[in-house]
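Q: One structure, pasted below without further comment.
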Amino acid sequence: MFDFNLNENQRMIAEMVRSFGAKEITPFRKEWDDNQFFPIQVFKKLGELGLMGVLVPTEYGGSGFGYFEYVTAILELSKLDPSVGLSMAAHNSLCTGHILMFGNEEQKKKYLPKLATCEWLGAWGLTEPNTGSDAGNMRTVAKKEGEYYILNGAKNFITHGVSGDVAVVIARTGEIGDSHGMTAFLIEKGTPGFKGGRKEDKLGMRASETAELIFEDCKVHESQILGKVGEGFIQSMKILDGGRISIAALSLGIAEGALEASIQYSKERQQFNKPISSFQGISFKLADMATQLEAAKLLTFKAADLKNKGQKVTLAGAQAKLYASEVCVAISNEAVQIFGGYGFTKDYPVEKFYRDSKLCTIGEGTSEIQKLVISREILK
């Protein structure tokens, strides 16, 4: 079983993120959130720190770490600003992760060094306007013409849809409803017929860019296919298995941030000449929050441990993602309650944690989809 203590790398990453965040993230958090500003410069600096290629082997310019270090990095970033944690996780797990897992040697050598340093920012396109959870029913089509494929269609809710330099895009190359009828393509920004579309105006995670990808007779060479033709959907499901660990880690960061703020506030806030932490109504809330967070951490690090060992994480990843994301919303909700009227204002951090938390139960497979995955796995 895995060691419950942070390893040396994890401690080093946590300290590095905290000192970086104090200067580069925390002072600007409210401004970015208010204006939906995507702080691309922060991700370039995170690239210099090695956090945009956490899992990428050193031979491709990455940090060469495992999932324990990766979970810690996301958790610490998400405590500072969940939007930054989300964008960092999407870049690492989805775009970079897909190339790392399914790219050929030539593709890895070309793209991974640029992504690992964040010279290039990555995007990943599976979801479409009419096919959210029903990804197998996608309408973005790639038709073969000689050595090229011509893509037409649109993707939505894509992290870095406008700012991304390269996107891994899943498009239909076969029949609708055929799980072997979709293919993964690597498409660079500037490819004719490929552009970012409308940026979403969101409830939370407002400093993480979410936008459309639009394809109008976009011509992509067959050398840009990841793996084999028809493998795109199967590849995506494997990418999401690991990606769910990153959303669980994001949830942990939000929950831990909300809990820490609540504990501190409850000790400082006086009512009836006593700190509110001395009242059972508040102290029991904190006890529940701390216990739920600890359970979510254990599930998440169990999934990370399996991933490090190269074992199947479909069940463990879905369980970690489901529980951590739901707990994250519950803890953020209680944090606002503990802060009372102040929790409803933007002067304190829990209001933002509350808004940001909801994405965790939706992104990379809703809670309902996690239950579908879990039930299928346990009923096999």
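We name chains A, B, ... following the order of the structure tokens; residues begin at 1 in each chain, and ligands are numbered from 1 as shown.
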Find the residues around range 344-356 of chain A up to 7 Å (only C-alpha atoms counted), leave out those fewer than 2 positions away in its own chain, and share them as a PyMOL selection string.
A: chain A and resi 82+203-205+254+258+329+332-333+335-336+341-342+358-359
Q: Take the residues from that selection and write them out as a CSV table (one decimal), in the first residue's frame, keeping N, CA and C atoms.
A:
```
chain,number,residue,atom,x,y,z
A,82,PRO,N,-8.5,28.0,-8.0
A,82,PRO,CA,-8.9,26.8,-8.7
A,82,PRO,C,-8.9,26.9,-10.2
A,203,LEU,N,-20.1,30.8,-14.4
A,203,LEU,CA,-20.3,30.9,-13.0
A,203,LEU,C,-19.0,31.0,-12.2
A,204,GLY,N,-18.2,30.0,-12.4
A,204,GLY,CA,-16.9,29.9,-11.7
A,204,GLY,C,-15.8,29.5,-12.6
A,205,MET,N,-14.6,29.3,-12.1
A,205,MET,CA,-13.4,29.0,-12.9
A,205,MET,C,-13.2,30.0,-14.0
A,254,ILE,N,-9.6,22.8,-3.7
A,254,ILE,CA,-10.7,23.7,-3.3
A,254,ILE,C,-11.2,23.4,-1.9
A,258,ALA,N,-11.1,25.8,1.3
A,258,ALA,CA,-12.3,26.3,2.0
A,258,ALA,C,-12.3,25.9,3.5
A,329,VAL,N,-17.9,20.4,-3.2
A,329,VAL,CA,-19.1,21.2,-3.2
A,329,VAL,C,-19.7,21.4,-1.8
A,332,SER,N,-17.4,23.5,0.4
A,332,SER,CA,-17.4,24.9,0.1
A,332,SER,C,-18.7,25.5,0.5
A,333,ASN,N,-19.8,24.8,0.4
A,333,ASN,CA,-21.1,25.2,0.8
A,333,ASN,C,-21.1,25.5,2.4
A,335,ALA,N,-18.5,26.1,4.2
A,335,ALA,CA,-17.6,27.2,4.4
A,335,ALA,C,-18.3,28.6,4.3
A,336,VAL,N,-19.2,28.7,3.3
A,336,VAL,CA,-19.9,29.9,3.2
A,336,VAL,C,-20.9,30.1,4.4
A,341,GLY,N,-22.9,36.0,6.6
A,341,GLY,CA,-23.0,37.1,5.7
A,341,GLY,C,-21.8,37.4,4.9
A,342,TYR,N,-20.6,37.3,5.6
A,342,TYR,CA,-19.3,37.6,5.0
A,342,TYR,C,-19.0,36.6,3.9
A,358,LYS,N,-18.4,23.9,-8.2
A,358,LYS,CA,-19.4,23.1,-9.0
A,358,LYS,C,-18.9,22.5,-10.3
A,359,LEU,N,-17.9,23.1,-10.9
A,359,LEU,CA,-17.4,22.6,-12.1
A,359,LEU,C,-16.9,21.1,-11.9
```
Q: Dump as CSV the rows for residues of range 25-78 of chain A within 8 Å of range 7-19 of chain A: closest atom pair and distance in Å with one decimal, only C-alpha atoms counted, ordered by chain and rising residue number.
A:
```
residue,atom,partner,partner_atom,distance
A:Phe68,CA,A:Gln10,CA,7.2
A:Glu69,CA,A:Gln10,CA,5.1
A:Thr72,CA,A:Gln10,CA,6.2
A:Ala73,CA,A:Ile13,CA,6.3
A:Glu76,CA,A:Ala14,CA,6.1
A:Leu77,CA,A:Val17,CA,6.5
```
Q: Please write the residues from the selection above to a file, keeping N, CA and C atoms, as a CSV table (one decimal), in the first residue's frame.
A:
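part_21.csv, freshly written:
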```
chain,number,residue,atom,x,y,z
A,68,PHE,N,1.7,11.0,-7.7
A,68,PHE,CA,1.7,11.6,-6.4
A,68,PHE,C,2.1,13.1,-6.5
A,69,GLU,N,3.2,13.3,-7.2
A,69,GLU,CA,3.7,14.7,-7.4
A,69,GLU,C,2.7,15.5,-8.1
A,72,THR,N,-0.3,16.5,-5.9
A,72,THR,CA,0.1,17.6,-5.0
A,72,THR,C,0.2,18.9,-5.7
A,73,ALA,N,0.8,18.9,-6.9
A,73,ALA,CA,0.9,20.2,-7.6
A,73,ALA,C,-0.5,20.8,-7.9
A,76,GLU,N,-2.2,22.1,-4.6
A,76,GLU,CA,-1.6,23.3,-4.1
A,76,GLU,C,-2.0,24.5,-4.9
A,77,LEU,N,-2.0,24.3,-6.3
A,77,LEU,CA,-2.4,25.4,-7.2
A,77,LEU,C,-3.8,25.8,-7.0
```
Q: In range 57-158 of chain A, what's strand (DSSP E) per DSSP? Answer as a PyMOL selection string?
A: chain A and resi 122-125+141-145+148-158
Q: Pull the alpha helix (DSSP H) assignments for range 236-365 of chain A out of DSSP run on the backbone, and list those residues as a PyMOL selection string.
A: chain A and resi 236-268+280-308+314-339+350-357
Q: I want to know what sits within 6 Å of Arg244 in chain A, based on only C-alpha atoms, with residues of the same chain fewer than 4 positions away left out; could you give that as a list in words?
A: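 Using only C-alpha atoms, the neighbours found are Leu240, Gly317 and Lys321 of chain A.
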Q: If you keep C-alpha atoms, can you produce a file of those selected residues as a short mmCIF file (atom, residue, chain, number, x, y, z; two decimals), in the first residue's frame?
A:
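After the write, result_32.cif holds the following:
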```
data_model
loop_
_atom_site.label_atom_id
_atom_site.label_comp_id
_atom_site.auth_asym_id
_atom_site.auth_seq_id
_atom_site.Cartn_x
_atom_site.Cartn_y
_atom_site.Cartn_z
CA LEU A 240 -10.33 10.35 -19.05
CA GLY A 317 -10.39 7.09 -10.77
CA LYS A 321 -13.53 11.89 -8.90
#
```
Q: Can you list, as a PDB file with C-alpha atoms, in the first residue's frame, every protein, DNA or RNA residue that comes within 12 Å of Asp305 in chain A when you count only C-alpha atoms, leaving out same-chain residues fewer than 3 positions away?
A:
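Writing the result to around.pdb gives the following:
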```
ATOM      1  CA  MET A   1       0.000   0.000   0.000  1.00  0.00           C
ATOM      2  CA  PHE A   2       1.180   3.539  -0.599  1.00  0.00           C
ATOM      3  CA  ASP A   3       2.976   5.658   1.968  1.00  0.00           C
ATOM      4  CA  PHE A   4       0.659   8.209   3.580  1.00  0.00           C
ATOM      5  CA  GLY A  66       4.601  10.387 -11.095  1.00  0.00           C
ATOM      6  CA  TYR A  67       0.990  10.877 -10.048  1.00  0.00           C
ATOM      7  CA  PHE A  68       1.696  11.620  -6.354  1.00  0.00           C
ATOM      8  CA  GLU A  69       3.686  14.713  -7.351  1.00  0.00           C
ATOM      9  CA  TYR A  70       1.070  15.585  -9.962  1.00  0.00           C
ATOM     10  CA  VAL A  71      -1.834  15.405  -7.463  1.00  0.00           C
ATOM     11  CA  GLY A 242      -6.359   9.283 -15.661  1.00  0.00           C
ATOM     12  CA  ILE A 245      -7.595  11.775 -10.903  1.00  0.00           C
ATOM     13  CA  LYS A 297      -7.684  12.330  -0.196  1.00  0.00           C
ATOM     14  CA  LEU A 298      -7.362   8.603   0.496  1.00  0.00           C
ATOM     15  CA  LEU A 299      -9.470   7.718  -2.556  1.00  0.00           C
ATOM     16  CA  THR A 300      -7.498  10.111  -4.745  1.00  0.00           C
ATOM     17  CA  PHE A 301      -4.061   8.928  -3.639  1.00  0.00           C
ATOM     18  CA  LYS A 302      -5.195   5.295  -3.982  1.00  0.00           C
ATOM     19  CA  ASN A 308       1.902   4.969 -10.869  1.00  0.00           C
ATOM     20  CA  LYS A 309       2.000   1.167 -10.890  1.00  0.00           C
ATOM     21  CA  GLY A 310       0.558   1.029 -14.398  1.00  0.00           C
ATOM     22  CA  GLN A 311      -2.599  -0.712 -13.202  1.00  0.00           C
ATOM     23  CA  LYS A 312      -6.151  -0.100 -14.416  1.00  0.00           C
ATOM     24  CA  VAL A 313      -7.705   2.974 -12.775  1.00  0.00           C
ATOM     25  CA  ALA A 316     -10.584   3.941  -8.613  1.00  0.00           C
ATOM     26  CA  GLY A 317     -10.392   7.093 -10.768  1.00  0.00           C
TER      27      GLY A 317
END
```
Q: Have a look at A:Phe284, A:Phe65, A:Phe339, A:Phe215 and name the one nearest to Gln270 in chain A; count only C-alpha atoms.
A: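 Among the listed residues, A:Phe339 lies closest to Gln270 in chain A.
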